[in-house]
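Here's the structure we're looking at; comments come further down.
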Amino acid sequence: MKMKKASVALILFIGLILGAIGFGSGSYLLHKTSETQFCLSCHTMQTPYDEYTGSVHFTNQKGIRAECSDCHIPKAPLDFLIAKMKASKDVYHQFVTGKVDTPEKFEQHRLEMAQEVWKQMKENDSVTCRSCHQFSAMDIQSQSADAQKMHNLAIKDKQTCIDCHKGIAHFPPEIKMDDQAMTNLLDSAKQTPSTAEVVFPAQPIQLGNLGTAYPATALKVTKTTGTQREITIEGSQMKGAEQVIYLSQGQRLILASLSEEGEKALQINGDFTKDQYDNEWRPVSLKATINEPVLAKQEPLWAYAENLDNVYCSGCHAKISATHYTVNAWPAVAKGMGARTDISPEDLEILTKYFQYNAKDINSH
């Protein structure tokens, strides 16, 4: 009986030793294969690594470096194992399919790979980011004005890190605008029926020799003859800026800019009144003739603007609702962000108008 107990104890002891060795070896292997050097030796990761070495996560004034695993592999045991299991597909594509084994193939699949990572980080509330960065630990008041706005917005809307910081360590994928999008929009304008009572420019259009009307401006049609339309623009004029027609008192959304002839042709519809900042405004209207194609409604233009938002804005950060800023604040915000991209001045004008027409105070007057 004693021999049986001794045998069982010995077997259990050996089992524990082997289990400990197996667990230790497995844990060592899992963590060793999470090191940056292993990633570089096994995966086609030289391109993202080179991008990472130019980021603040690689070199910064604090001397703190975030390695690949710090951003891509969660620390919690179960999440860690799941991440390692998912990573096995990278080995498969490296040695079997050769999916991204050339720079050209990598670029071809960059968007797909990025979206997969963004989705994972969105689902786990950017848990790896939060191992270093927490809203509760931020001295938000010492941040730049823009950072304060965005972090306060993120806290209010319960956003997660990856919503805004998509290009923080690697180049964001290049999302291209459809080359035919503007052509299709202008083709749609050519189909606007002659019976349309209100029309909208898709691009800046000439008001004869009176000035220029800008995208999305409502033009009330009084008469149509062939391709020519007689229209009326109604808005507000601010004292000191008589060459511009704005949307309404206090709201600096430009509907049209006027030539000297346009200023003389302007119809005054009321007296100057002061706004809360002591600027003086009065209602005005302008009758003019247009010959260029115009849209029958704003919706196609807004669809085009939303595509611009996806291409030039949302590729780097989460969409910012048009209602986040006022109609007067949007031009400066759009101009500042647009300067960081290669968006054309014409497209930036359309995008700005989209934000302004949908701003949080657009219906306050």
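By convention in this document, the chains of the structure tokens carry letters A, B, ... by their order, each chain's residues are numbered from 1, and ligands are numbered from 1 in the order they are shown.
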
At most 12 Å is the cut-off: for each residue in range 142-253 of chain A with any atom that close to an atom of range 273-277 of chain A, write down the nearest atom pair and the distance in Å rounded to one decimal, counting only C-alpha atoms, chain first then increasing number, as a Markdown table.
| residue | atom | partner | partner_atom | distance |
| --- | --- | --- | --- | --- |
| A:Ser236 | CA | A:Thr273 | CA | 10.8 |
| A:Gln237 | CA | A:Thr273 | CA | 10.6 |
| A:Met238 | CA | A:Thr273 | CA | 9.5 |
| A:Lys239 | CA | A:Thr273 | CA | 9.8 |
| A:Ser248 | CA | A:Asp275 | CA | 11.0 |
| A:Gln249 | CA | A:Asp275 | CA | 7.2 |
| A:Gly250 | CA | A:Asp275 | CA | 6.4 |
| A:Gln251 | CA | A:Asp275 | CA | 10.1 |

Go ahead and save the residues from that selection, with all heavy atoms, as a compact mmCIF listing (two decimals), in the first residue's frame.
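Output file part39.txt follows:
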# COMPACT_ATOMS: atom_id res chain seq x y z
N SER A 236 -27.55 88.23 -46.10
CA SER A 236 -27.27 89.40 -45.25
C SER A 236 -25.93 90.02 -45.64
O SER A 236 -25.01 89.33 -46.08
CB SER A 236 -27.22 89.00 -43.77
OG SER A 236 -28.51 88.69 -43.29
N GLN A 237 -25.86 91.34 -45.44
CA GLN A 237 -24.64 92.09 -45.71
C GLN A 237 -24.15 92.69 -44.41
O GLN A 237 -24.95 93.22 -43.62
CB GLN A 237 -24.94 93.19 -46.73
CG GLN A 237 -23.74 94.03 -47.14
CD GLN A 237 -24.16 95.19 -48.02
OE1 GLN A 237 -25.02 95.99 -47.64
NE2 GLN A 237 -23.57 95.29 -49.20
N MET A 238 -22.84 92.60 -44.16
CA MET A 238 -22.27 93.17 -42.94
C MET A 238 -21.56 94.47 -43.28
O MET A 238 -20.82 94.54 -44.28
CB MET A 238 -21.29 92.19 -42.30
CG MET A 238 -20.76 92.67 -40.93
SD MET A 238 -19.65 91.49 -40.14
CE MET A 238 -18.16 91.72 -41.11
N LYS A 239 -21.80 95.49 -42.47
CA LYS A 239 -21.14 96.78 -42.70
C LYS A 239 -19.63 96.59 -42.59
O LYS A 239 -19.11 96.01 -41.64
CB LYS A 239 -21.61 97.81 -41.68
CG LYS A 239 -21.04 99.20 -41.91
CD LYS A 239 -21.60 100.22 -40.92
CE LYS A 239 -23.04 100.59 -41.27
NZ LYS A 239 -23.53 101.74 -40.45
N SER A 248 -26.85 84.77 -43.14
CA SER A 248 -27.79 85.51 -42.30
C SER A 248 -27.01 86.32 -41.28
O SER A 248 -25.77 86.20 -41.18
CB SER A 248 -28.77 84.57 -41.59
OG SER A 248 -28.07 83.70 -40.71
N GLN A 249 -27.71 87.13 -40.52
CA GLN A 249 -27.05 88.00 -39.54
C GLN A 249 -26.22 87.17 -38.56
O GLN A 249 -26.70 86.25 -37.94
CB GLN A 249 -28.09 88.80 -38.77
CG GLN A 249 -27.46 89.69 -37.68
CD GLN A 249 -28.48 90.60 -37.02
OE1 GLN A 249 -29.31 91.19 -37.69
NE2 GLN A 249 -28.42 90.70 -35.70
N GLY A 250 -24.96 87.53 -38.42
CA GLY A 250 -24.07 86.87 -37.47
C GLY A 250 -23.49 85.56 -37.94
O GLY A 250 -22.61 85.01 -37.28
N GLN A 251 -23.96 85.04 -39.07
CA GLN A 251 -23.47 83.74 -39.55
C GLN A 251 -22.67 83.94 -40.83
O GLN A 251 -23.22 84.21 -41.90
CB GLN A 251 -24.63 82.78 -39.77
CG GLN A 251 -25.34 82.42 -38.46
CD GLN A 251 -26.38 81.34 -38.64
OE1 GLN A 251 -27.10 81.33 -39.63
NE2 GLN A 251 -26.48 80.45 -37.68

- Query: If we count only C-alpha atoms, what is near range 141-148 of chain A at a cut-off of 12 Å, once residues fewer than 3 positions away on the same chain are taken out, given as a VMD selection string?
  - Reply: chain A and resid 135 137 to 138 151 to 155 164 to 165 333 336 to 337

- Message: Quick check for you: according to DSSP on this backbone, which residues of range 210-356 of chain A are classed as strand (DSSP E or B)? Reply as a PyMOL selection string.
- Response: chain A and resi 211-213+219-225+228-238+241-248+251-258+267-268+273-274+280-290+295

Mind running range 229-308 of chain A against range 181-189 of chain A at 9 Å and telling me each contacting residue's nearest atom pair with the distance in Å (one decimal), counting only C-alpha atoms, chain and number ascending, as JSON lines?
{"residue": "A:Glu292", "atom": "CA", "partner": "A:Ala189", "partner_atom": "CA", "distance": 9.0}
{"residue": "A:Pro293", "atom": "CA", "partner": "A:Ala189", "partner_atom": "CA", "distance": 5.2}
{"residue": "A:Val294", "atom": "CA", "partner": "A:Ala189", "partner_atom": "CA", "distance": 4.7}
{"residue": "A:Leu295", "atom": "CA", "partner": "A:Ala189", "partner_atom": "CA", "distance": 4.4}
{"residue": "A:Ala296", "atom": "CA", "partner": "A:Ala189", "partner_atom": "CA", "distance": 7.1}
{"residue": "A:Pro300", "atom": "CA", "partner": "A:Leu185", "partner_atom": "CA", "distance": 7.0}
{"residue": "A:Leu301", "atom": "CA", "partner": "A:Leu185", "partner_atom": "CA", "distance": 7.3}
{"residue": "A:Tyr304", "atom": "CA", "partner": "A:Ala181", "partner_atom": "CA", "distance": 7.1}

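Contact shell of Tyr354 in chain A at 9 Å (only C-alpha atoms; same-chain neighbours under 4 positions omitted): Ala216, Leu301, Trp302, Ala305, Glu306, Ala322, Glu349, Ile350, Asn358 and Ala359 of chain A.
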
Output file for the selection above: N, CA and C atoms, as an mmCIF file, in the first residue's frame:
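Written out: out18.cif:
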data_model
loop_
_atom_site.group_PDB
_atom_site.id
_atom_site.type_symbol
_atom_site.label_atom_id
_atom_site.label_comp_id
_atom_site.auth_asym_id
_atom_site.auth_seq_id
_atom_site.Cartn_x
_atom_site.Cartn_y
_atom_site.Cartn_z
ATOM 1 N N ALA A 216 -23.410 75.171 -53.050
ATOM 2 C CA ALA A 216 -24.523 74.952 -52.128
ATOM 3 C C ALA A 216 -25.395 76.178 -51.887
ATOM 4 N N LEU A 301 -24.401 67.002 -53.552
ATOM 5 C CA LEU A 301 -23.199 67.726 -53.160
ATOM 6 C C LEU A 301 -22.734 67.268 -51.786
ATOM 7 N N TRP A 302 -23.688 67.026 -50.879
ATOM 8 C CA TRP A 302 -23.332 66.560 -49.536
ATOM 9 C C TRP A 302 -22.757 65.143 -49.589
ATOM 10 N N ALA A 305 -19.283 65.581 -50.528
ATOM 11 C CA ALA A 305 -18.534 66.124 -49.387
ATOM 12 C C ALA A 305 -18.242 65.038 -48.351
ATOM 13 N N GLU A 306 -19.181 64.140 -48.133
ATOM 14 C CA GLU A 306 -18.956 63.056 -47.182
ATOM 15 C C GLU A 306 -17.839 62.132 -47.667
ATOM 16 N N ALA A 322 -20.492 67.513 -37.907
ATOM 17 C CA ALA A 322 -20.599 68.915 -38.312
ATOM 18 C C ALA A 322 -21.189 69.758 -37.195
ATOM 19 N N GLU A 349 -13.312 73.866 -50.341
ATOM 20 C CA GLU A 349 -14.446 74.791 -50.322
ATOM 21 C C GLU A 349 -15.755 74.036 -50.150
ATOM 22 N N ILE A 350 -15.913 72.940 -50.881
ATOM 23 C CA ILE A 350 -17.137 72.133 -50.782
ATOM 24 C C ILE A 350 -17.252 71.498 -49.398
ATOM 25 N N ASN A 358 -24.295 72.397 -41.987
ATOM 26 C CA ASN A 358 -24.794 71.417 -41.021
ATOM 27 C C ASN A 358 -24.253 71.676 -39.611
ATOM 28 N N ALA A 359 -23.752 72.904 -39.370
ATOM 29 C CA ALA A 359 -23.174 73.268 -38.072
ATOM 30 C C ALA A 359 -24.247 73.291 -36.991
#

- Name the residues in contact with Gln120 in chain A at a cut-off of 10 Å, using only C-alpha atoms, excluding same-chain residues fewer than 6 positions from it; report them as a list in words.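 Counting only C-alpha atoms, the residues come to His72, Ala83, Ala114, Ser126, Val127 and Ile162 of chain A.
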
If you keep all heavy atoms, can you produce a file of those selected residues as a compact mmCIF listing (two decimals), in the first residue's frame?
# COMPACT_ATOMS: atom_id res chain seq x y z
N HIS A 72 0.28 46.00 -30.03
CA HIS A 72 -0.52 45.01 -30.75
C HIS A 72 -0.92 43.78 -29.95
O HIS A 72 -1.76 43.00 -30.41
CB HIS A 72 0.24 44.56 -32.01
CG HIS A 72 0.37 45.65 -33.05
ND1 HIS A 72 -0.67 46.04 -33.85
CD2 HIS A 72 1.43 46.44 -33.38
CE1 HIS A 72 -0.27 47.02 -34.65
NE2 HIS A 72 1.00 47.28 -34.39
N ALA A 83 -4.68 36.94 -29.09
CA ALA A 83 -3.88 37.75 -30.03
C ALA A 83 -2.80 36.90 -30.69
O ALA A 83 -2.54 37.02 -31.89
CB ALA A 83 -3.26 38.94 -29.30
N ALA A 114 -4.93 47.55 -42.06
CA ALA A 114 -5.15 48.64 -41.10
C ALA A 114 -6.57 48.56 -40.53
O ALA A 114 -6.78 48.72 -39.32
CB ALA A 114 -4.92 49.98 -41.78
N SER A 126 -9.18 50.08 -27.19
CA SER A 126 -7.77 50.47 -27.29
C SER A 126 -7.00 50.09 -26.03
O SER A 126 -6.24 50.88 -25.47
CB SER A 126 -7.66 51.98 -27.54
OG SER A 126 -8.36 52.37 -28.68
N VAL A 127 -7.21 48.85 -25.59
CA VAL A 127 -6.66 48.41 -24.31
C VAL A 127 -5.14 48.53 -24.25
O VAL A 127 -4.57 48.86 -23.19
CB VAL A 127 -7.11 46.96 -24.00
CG1 VAL A 127 -6.54 45.98 -25.02
CG2 VAL A 127 -6.72 46.56 -22.59
N ILE A 162 -8.12 54.79 -30.71
CA ILE A 162 -7.93 54.54 -32.14
C ILE A 162 -8.91 55.34 -32.99
O ILE A 162 -8.71 55.49 -34.19
CB ILE A 162 -8.07 53.02 -32.44
CG1 ILE A 162 -7.44 52.68 -33.80
CG2 ILE A 162 -9.52 52.59 -32.36
CD1 ILE A 162 -5.96 53.01 -33.89

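Near Ala218 in chain A, within a cut-off of 8 Å and counting only C-alpha atoms, sit the residues Val198, Val199, Phe200 and Ile233 of chain A, with same-chain residues fewer than 4 positions away left out.
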
Can you write just those residues out, N, CA, C and O atoms, as a PDB file, in the first residue's frame?
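Listing of out.pdb after writing:
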ATOM      1  N   VAL A 198     -35.644  76.154 -57.218  1.00  0.00           N
ATOM      2  CA  VAL A 198     -34.446  76.498 -56.447  1.00  0.00           C
ATOM      3  C   VAL A 198     -33.318  75.587 -56.929  1.00  0.00           C
ATOM      4  O   VAL A 198     -33.509  74.374 -57.064  1.00  0.00           O
ATOM      5  N   VAL A 199     -32.144  76.157 -57.198  1.00  0.00           N
ATOM      6  CA  VAL A 199     -31.003  75.377 -57.670  1.00  0.00           C
ATOM      7  C   VAL A 199     -29.767  75.718 -56.842  1.00  0.00           C
ATOM      8  O   VAL A 199     -29.734  76.736 -56.137  1.00  0.00           O
ATOM      9  N   PHE A 200     -28.735  74.848 -56.960  1.00  0.00           N
ATOM     10  CA  PHE A 200     -27.549  74.987 -56.119  1.00  0.00           C
ATOM     11  C   PHE A 200     -26.288  74.737 -56.942  1.00  0.00           C
ATOM     12  O   PHE A 200     -26.182  73.704 -57.611  1.00  0.00           O
ATOM     13  N   ILE A 233     -30.586  85.727 -55.119  1.00  0.00           N
ATOM     14  CA  ILE A 233     -29.912  85.276 -53.896  1.00  0.00           C
ATOM     15  C   ILE A 233     -30.369  86.168 -52.753  1.00  0.00           C
ATOM     16  O   ILE A 233     -30.341  87.396 -52.866  1.00  0.00           O
TER      17      ILE A 233
END

- Task: Would you list the contacts of range 224-229 of chain A as a list of chain:residue names, taking every protein, DNA or RNA residue within 8 Å and counting only C-alpha atoms, but skipping same-chain residues closer than 6 positions in sequence?
- Result: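 With the cut-off at 8 Å, the set is A:Ser194, A:Thr195, A:Thr289, A:Ile290, A:Asn291, A:Glu292, A:Pro293.
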
Save out the residues we just selected, all heavy atoms, as a PDB file, in the first residue's frame.
ATOM      1  N   SER A 194     -35.641  72.296 -66.221  1.00  0.00           N
ATOM      2  CA  SER A 194     -35.823  73.745 -66.359  1.00  0.00           C
ATOM      3  C   SER A 194     -36.923  74.260 -65.439  1.00  0.00           C
ATOM      4  O   SER A 194     -37.025  75.462 -65.211  1.00  0.00           O
ATOM      5  CB  SER A 194     -36.158  74.094 -67.810  1.00  0.00           C
ATOM      6  OG  SER A 194     -37.344  73.417 -68.218  1.00  0.00           O
ATOM      7  N   THR A 195     -37.709  73.349 -64.883  1.00  0.00           N
ATOM      8  CA  THR A 195     -38.806  73.751 -64.001  1.00  0.00           C
ATOM      9  C   THR A 195     -38.375  73.896 -62.540  1.00  0.00           C
ATOM     10  O   THR A 195     -39.181  74.288 -61.696  1.00  0.00           O
ATOM     11  CB  THR A 195     -39.937  72.712 -64.075  1.00  0.00           C
ATOM     12  OG1 THR A 195     -39.396  71.408 -63.769  1.00  0.00           O
ATOM     13  CG2 THR A 195     -40.554  72.689 -65.470  1.00  0.00           C
ATOM     14  N   THR A 289     -28.088  86.575 -63.550  1.00  0.00           N
ATOM     15  CA  THR A 289     -28.322  85.559 -64.575  1.00  0.00           C
ATOM     16  C   THR A 289     -27.174  84.556 -64.558  1.00  0.00           C
ATOM     17  O   THR A 289     -25.998  84.946 -64.465  1.00  0.00           O
ATOM     18  CB  THR A 289     -28.410  86.207 -65.965  1.00  0.00           C
ATOM     19  OG1 THR A 289     -29.489  87.144 -65.976  1.00  0.00           O
ATOM     20  CG2 THR A 289     -28.651  85.153 -67.035  1.00  0.00           C
ATOM     21  N   ILE A 290     -27.503  83.273 -64.633  1.00  0.00           N
ATOM     22  CA  ILE A 290     -26.476  82.228 -64.667  1.00  0.00           C
ATOM     23  C   ILE A 290     -26.674  81.361 -65.912  1.00  0.00           C
ATOM     24  O   ILE A 290     -27.793  81.204 -66.402  1.00  0.00           O
ATOM     25  CB  ILE A 290     -26.505  81.341 -63.405  1.00  0.00           C
ATOM     26  CG1 ILE A 290     -27.860  80.624 -63.278  1.00  0.00           C
ATOM     27  CG2 ILE A 290     -26.195  82.166 -62.168  1.00  0.00           C
ATOM     28  CD1 ILE A 290     -27.894  79.590 -62.161  1.00  0.00           C
ATOM     29  N   ASN A 291     -25.580  80.802 -66.403  1.00  0.00           N
ATOM     30  CA  ASN A 291     -25.634  79.943 -67.583  1.00  0.00           C
ATOM     31  C   ASN A 291     -25.059  78.555 -67.316  1.00  0.00           C
ATOM     32  O   ASN A 291     -25.206  77.664 -68.144  1.00  0.00           O
ATOM     33  CB  ASN A 291     -24.863  80.589 -68.745  1.00  0.00           C
ATOM     34  CG  ASN A 291     -25.541  81.856 -69.244  1.00  0.00           C
ATOM     35  OD1 ASN A 291     -26.551  81.803 -69.938  1.00  0.00           O
ATOM     36  ND2 ASN A 291     -24.975  83.011 -68.881  1.00  0.00           N
ATOM     37  N   GLU A 292     -24.420  78.365 -66.180  1.00  0.00           N
ATOM     38  CA  GLU A 292     -23.750  77.098 -65.896  1.00  0.00           C
ATOM     39  C   GLU A 292     -24.699  76.082 -65.269  1.00  0.00           C
ATOM     40  O   GLU A 292     -25.688  76.452 -64.631  1.00  0.00           O
ATOM     41  CB  GLU A 292     -22.554  77.350 -64.974  1.00  0.00           C
ATOM     42  CG  GLU A 292     -21.514  78.284 -65.591  1.00  0.00           C
ATOM     43  CD  GLU A 292     -20.405  78.640 -64.618  1.00  0.00           C
ATOM     44  OE1 GLU A 292     -19.773  77.700 -64.117  1.00  0.00           O
ATOM     45  OE2 GLU A 292     -20.161  79.838 -64.383  1.00  0.00           O
ATOM     46  N   PRO A 293     -24.404  74.775 -65.418  1.00  0.00           N
ATOM     47  CA  PRO A 293     -25.243  73.735 -64.820  1.00  0.00           C
ATOM     48  C   PRO A 293     -25.270  73.842 -63.305  1.00  0.00           C
ATOM     49  O   PRO A 293     -24.247  74.156 -62.670  1.00  0.00           O
ATOM     50  CB  PRO A 293     -24.560  72.435 -65.265  1.00  0.00           C
ATOM     51  CG  PRO A 293     -23.784  72.808 -66.475  1.00  0.00           C
ATOM     52  CD  PRO A 293     -23.317  74.217 -66.238  1.00  0.00           C
TER      53      PRO A 293
END

- What does the distance from CA of Cys132 in chain A to CA of Tyr52 in chain A come to in Å, to one decimal?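 Calculated distance between CA of Cys132 in chain A and CA of Tyr52 in chain A is 17.3 Å.
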
- Item | All residues 8 Å or closer to Leu111 in chain A, only C-alpha atoms, same chain fewer than 2 positions away omitted, as a list in words |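 Final neighbour list, sorted by chain and number: Glu107, Gln108, His109, Met113, Ala114, Gln115, Pro172, Pro173, Glu174 and Ile175 of chain A.
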
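CA of Met177 in chain A lies 25.2 Å from CA of Tyr325 in chain A.
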
Residues of range 222-252 of chain A within 12 Å of range 206-213 of chain A: nearest atom pair and distance (Å, one decimal) for each, counting only C-alpha atoms, sorted by chain and number, as a tab-separated table?
residue	atom	partner	partner_atom	distance
A:Gln228	CA	A:Gly208	CA	10.8
A:Arg229	CA	A:Leu207	CA	10.3
A:Glu230	CA	A:Leu207	CA	9.6
A:Ile231	CA	A:Leu207	CA	9.1
A:Thr232	CA	A:Leu207	CA	10.2
A:Ile233	CA	A:Ala213	CA	8.8
A:Glu234	CA	A:Ala213	CA	11.6
A:Gln243	CA	A:Gly211	CA	9.0
A:Val244	CA	A:Gly211	CA	9.4
A:Ile245	CA	A:Ala213	CA	9.3
A:Tyr246	CA	A:Ala213	CA	11.0
A:Leu247	CA	A:Ala213	CA	12.0

Dump of N, CA, C and O atoms for the selected residues, as a short mmCIF file (atom, residue, chain, number, x, y, z; two decimals), in the first residue's frame:
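Saved to again-v4.cif:
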data_model
loop_
_atom_site.label_atom_id
_atom_site.label_comp_id
_atom_site.auth_asym_id
_atom_site.auth_seq_id
_atom_site.Cartn_x
_atom_site.Cartn_y
_atom_site.Cartn_z
N GLN A 228 -30.19 79.26 -69.74
CA GLN A 228 -30.02 80.47 -68.93
C GLN A 228 -31.12 80.57 -67.88
O GLN A 228 -32.30 80.34 -68.17
N ARG A 229 -30.69 80.91 -66.67
CA ARG A 229 -31.65 81.08 -65.58
C ARG A 229 -31.48 82.45 -64.94
O ARG A 229 -30.36 82.90 -64.69
N GLU A 230 -32.61 83.10 -64.69
CA GLU A 230 -32.60 84.33 -63.89
C GLU A 230 -32.88 83.92 -62.46
O GLU A 230 -33.87 83.24 -62.18
N ILE A 231 -31.97 84.32 -61.58
CA ILE A 231 -32.06 83.85 -60.18
C ILE A 231 -32.00 85.02 -59.19
O ILE A 231 -31.60 86.15 -59.55
N THR A 232 -32.37 84.72 -57.95
CA THR A 232 -32.25 85.68 -56.87
C THR A 232 -31.56 85.01 -55.69
O THR A 232 -31.88 83.89 -55.32
N ILE A 233 -30.59 85.73 -55.12
CA ILE A 233 -29.91 85.28 -53.90
C ILE A 233 -30.37 86.17 -52.75
O ILE A 233 -30.34 87.40 -52.87
N GLU A 234 -30.77 85.55 -51.66
CA GLU A 234 -31.19 86.31 -50.47
C GLU A 234 -30.25 85.99 -49.31
O GLU A 234 -29.94 84.81 -49.07
N GLN A 243 -18.85 93.71 -49.99
CA GLN A 243 -18.64 92.94 -51.21
C GLN A 243 -19.02 91.47 -51.05
O GLN A 243 -18.82 90.67 -51.96
N VAL A 244 -19.60 91.12 -49.90
CA VAL A 244 -19.94 89.72 -49.62
C VAL A 244 -21.41 89.61 -49.19
O VAL A 244 -21.91 90.45 -48.45
N ILE A 245 -22.07 88.56 -49.66
CA ILE A 245 -23.40 88.21 -49.17
C ILE A 245 -23.26 86.99 -48.26
O ILE A 245 -22.76 85.95 -48.70
N TYR A 246 -23.65 87.15 -46.99
CA TYR A 246 -23.58 86.05 -46.04
C TYR A 246 -24.96 85.39 -45.90
O TYR A 246 -25.97 85.93 -46.34
N LEU A 247 -24.97 84.23 -45.26
CA LEU A 247 -26.21 83.48 -45.10
C LEU A 247 -27.25 84.26 -44.31
O LEU A 247 -28.40 84.40 -44.73
#

Considering only C-alpha atoms, give me a table of residues in range 86-176 of chain A that are at most 10 Å from range 46-50 of chain A, with the closest atom pair and distance in Å for each, as a Markdown table.
| residue | atom | partner | partner_atom | distance |
| --- | --- | --- | --- | --- |
| A:Thr102 | CA | A:Thr47 | CA | 9.8 |
| A:Pro103 | CA | A:Thr47 | CA | 7.6 |
| A:Phe106 | CA | A:Thr47 | CA | 8.4 |
| A:Glu107 | CA | A:Thr47 | CA | 9.6 |
| A:Arg110 | CA | A:Pro48 | CA | 9.9 |
| A:Ala169 | CA | A:Pro48 | CA | 8.4 |
| A:His170 | CA | A:Pro48 | CA | 6.0 |
| A:Phe171 | CA | A:Pro48 | CA | 7.9 |

- Message: As an exercise, work out the distance from CA of Asp157 in chain A to CA of Ser136 in chain A in Å and give it to one decimal place.
- Response: 15.3 Å
